[in-house]
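Student: First the structure, which I've put down as structure tokens, then a few questions once you've had a look.
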Amino acid sequence: MARSTFAYLAALGIAAALAACGDSSTEDASSTTTAGAGGMGGMGGMDGAGGSTSATGGGGGETAAPEAPVLEMVMPMDGVLHVEWSTPAPCDEIEGERKDPMHEYEVAFTVAGTKTSRMDAGAFEDLEYTYRLRCKVGEVYSDYSNEMSGNPTEE
């Protein structure tokens, strides 16, 4: 029994070393989960303590999505629209999408996560433009923010 326990622990040690090197990762670029390099966090141990599901710990659980930004204002300024927002949590990037009455949403801008406003030079026609934002942390996106609209020719 002691010998089989030793062999089991040795095998787990090798698996943990491979996981730490990234050799056993099953994550692909479109995935929103992380394999985790924290070793055997998902094994639970003998007492069933379970593993971590954080992005930095072990385990293999889902990475929690960041909180969505909050659109605060869409205002005409100098013939284009000025978009302002707040972020309840840190973001790596903010992605802003815009639509008009004739088109669906498409990405209008991507800015650093520390930014809280953007002049959208692409919104200059006499149309009602609607915006929504999302926060990106690593490869994980938040839900979309609230929507706000404005017309750059109305002051």
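So you can find residues: chains in the structure tokens are A, B, ... in the order shown, residues in each start at 1, and ligands are numbered from 1 in order.
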Give me the residues within 7 Å of A:Asn151 as a list of chain:residue names, counting only C-alpha atoms and dropping any in the same chain fewer than 6 places off.
Tutor: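 Contacts, with the query itself left out: A:Pro76, A:Asp126, A:Leu127, A:Glu128, A:Tyr129.
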Student: With C-alpha atoms retained, write the just-selected residues as a PDB file, in the first residue's frame.
Tutor:
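Output (out-v9.pdb):
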ATOM      1  CA  PRO A  76     -22.204  66.423 -29.346  1.00  0.00           C
ATOM      2  CA  ASP A 126     -26.835  63.894 -38.825  1.00  0.00           C
ATOM      3  CA  LEU A 127     -27.846  60.525 -37.337  1.00  0.00           C
ATOM      4  CA  GLU A 128     -28.697  59.117 -33.943  1.00  0.00           C
ATOM      5  CA  TYR A 129     -25.734  56.939 -32.886  1.00  0.00           C
TER       6      TYR A 129
END
Student: Have a look at atom CA of A:Pro66 and atom CA of A:Val137 and let me know their distance in Å, one decimal.
Tutor: 6.8 Å
Student: Please report the interatomic distance between atom CA of A:Ala123 and atom CA of A:Val80 in Å with one decimal.
Tutor: 5.5 Å
Student: Any chance you could list, as a PyMOL selection string, the residues in stretch 77-126 of chain A that come up strand (DSSP E) when DSSP is run on the backbone?
Tutor: chain A and resi 77+80-86+93-99+106-112+117-120
Student: Between atom CA of A:Ser117 and atom CA of A:Val140, what distance in Å does the model show, to one decimal?
Tutor: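 Separation of atom CA of A:Ser117 and atom CA of A:Val140: 21.5 Å.
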Student: Tell me, as a PDB file with N, CA, C and O atoms, in the first residue's frame, which residues lie within 10 Å of A:Met119, counting only C-alpha atoms; anything in the same chain fewer than 2 positions away does not count.
Tutor:
ATOM      1  N   VAL A  74     -23.151  60.738 -23.702  1.00  0.00           N
ATOM      2  CA  VAL A  74     -22.848  60.833 -25.130  1.00  0.00           C
ATOM      3  C   VAL A  74     -23.318  62.225 -25.531  1.00  0.00           C
ATOM      4  O   VAL A  74     -24.512  62.523 -25.485  1.00  0.00           O
ATOM      5  N   MET A  75     -22.345  63.083 -25.886  1.00  0.00           N
ATOM      6  CA  MET A  75     -22.658  64.493 -26.075  1.00  0.00           C
ATOM      7  C   MET A  75     -22.026  65.010 -27.363  1.00  0.00           C
ATOM      8  O   MET A  75     -20.864  64.711 -27.654  1.00  0.00           O
ATOM      9  N   PRO A  76     -22.799  65.806 -28.163  1.00  0.00           N
ATOM     10  CA  PRO A  76     -22.204  66.423 -29.346  1.00  0.00           C
ATOM     11  C   PRO A  76     -21.133  67.433 -28.942  1.00  0.00           C
ATOM     12  O   PRO A  76     -21.308  68.189 -27.986  1.00  0.00           O
ATOM     13  N   MET A  77     -20.006  67.394 -29.658  1.00  0.00           N
ATOM     14  CA  MET A  77     -18.928  68.329 -29.367  1.00  0.00           C
ATOM     15  C   MET A  77     -18.085  68.500 -30.635  1.00  0.00           C
ATOM     16  O   MET A  77     -17.546  67.508 -31.140  1.00  0.00           O
ATOM     17  N   ASP A  78     -18.010  69.698 -31.147  1.00  0.00           N
ATOM     18  CA  ASP A  78     -17.203  69.997 -32.344  1.00  0.00           C
ATOM     19  C   ASP A  78     -17.574  69.132 -33.539  1.00  0.00           C
ATOM     20  O   ASP A  78     -16.705  68.682 -34.291  1.00  0.00           O
ATOM     21  N   VAL A  80     -18.719  66.069 -33.699  1.00  0.00           N
ATOM     22  CA  VAL A  80     -18.646  64.615 -33.483  1.00  0.00           C
ATOM     23  C   VAL A  80     -19.225  64.317 -32.101  1.00  0.00           C
ATOM     24  O   VAL A  80     -19.681  65.222 -31.411  1.00  0.00           O
ATOM     25  N   LEU A  81     -19.205  63.062 -31.707  1.00  0.00           N
ATOM     26  CA  LEU A  81     -19.757  62.704 -30.401  1.00  0.00           C
ATOM     27  C   LEU A  81     -18.644  62.421 -29.391  1.00  0.00           C
ATOM     28  O   LEU A  81     -17.665  61.743 -29.688  1.00  0.00           O
ATOM     29  N   HIS A  82     -18.831  62.968 -28.212  1.00  0.00           N
ATOM     30  CA  HIS A  82     -17.936  62.755 -27.081  1.00  0.00           C
ATOM     31  C   HIS A  82     -18.610  61.715 -26.182  1.00  0.00           C
ATOM     32  O   HIS A  82     -19.737  61.895 -25.753  1.00  0.00           O
ATOM     33  N   VAL A  83     -17.908  60.604 -25.920  1.00  0.00           N
ATOM     34  CA  VAL A  83     -18.449  59.492 -25.137  1.00  0.00           C
ATOM     35  C   VAL A  83     -17.672  59.411 -23.823  1.00  0.00           C
ATOM     36  O   VAL A  83     -16.435  59.394 -23.831  1.00  0.00           O
ATOM     37  N   GLU A  84     -18.396  59.382 -22.698  1.00  0.00           N
ATOM     38  CA  GLU A  84     -17.755  59.263 -21.377  1.00  0.00           C
ATOM     39  C   GLU A  84     -18.349  58.084 -20.631  1.00  0.00           C
ATOM     40  O   GLU A  84     -19.534  57.783 -20.754  1.00  0.00           O
ATOM     41  N   PHE A 109     -14.133  51.874 -31.446  1.00  0.00           N
ATOM     42  CA  PHE A 109     -12.833  52.216 -30.865  1.00  0.00           C
ATOM     43  C   PHE A 109     -12.468  51.209 -29.777  1.00  0.00           C
ATOM     44  O   PHE A 109     -13.324  50.551 -29.201  1.00  0.00           O
ATOM     45  N   SER A 117     -12.948  58.412 -21.501  1.00  0.00           N
ATOM     46  CA  SER A 117     -13.689  59.168 -22.514  1.00  0.00           C
ATOM     47  C   SER A 117     -13.022  58.995 -23.866  1.00  0.00           C
ATOM     48  O   SER A 117     -11.861  58.595 -23.962  1.00  0.00           O
ATOM     49  N   ALA A 121     -14.670  60.383 -33.847  1.00  0.00           N
ATOM     50  CA  ALA A 121     -14.666  61.112 -35.115  1.00  0.00           C
ATOM     51  C   ALA A 121     -15.455  60.393 -36.203  1.00  0.00           C
ATOM     52  O   ALA A 121     -15.795  60.987 -37.220  1.00  0.00           O
ATOM     53  N   GLY A 122     -15.784  59.121 -35.996  1.00  0.00           N
ATOM     54  CA  GLY A 122     -16.562  58.372 -36.970  1.00  0.00           C
ATOM     55  C   GLY A 122     -18.053  58.660 -36.890  1.00  0.00           C
ATOM     56  O   GLY A 122     -18.826  58.226 -37.737  1.00  0.00           O
ATOM     57  N   ALA A 123     -18.456  59.394 -35.860  1.00  0.00           N
ATOM     58  CA  ALA A 123     -19.875  59.743 -35.682  1.00  0.00           C
ATOM     59  C   ALA A 123     -20.036  61.227 -35.981  1.00  0.00           C
ATOM     60  O   ALA A 123     -19.982  62.067 -35.093  1.00  0.00           O
TER      61      ALA A 123
END
Student: Between A:Arg134, A:Thr110, A:Ala64, A:Asp120, which one has atoms that come closest to A:Thr87, using only C-alpha atoms?
Tutor: A:Arg134
Student: I want to know what sits within 9 Å of A:Glu147, based on only C-alpha atoms, with residues of the same chain fewer than 2 positions away left out; could you give that as number ranges by chain?
Tutor: A: 70-71, 130-133, 144-145, 149
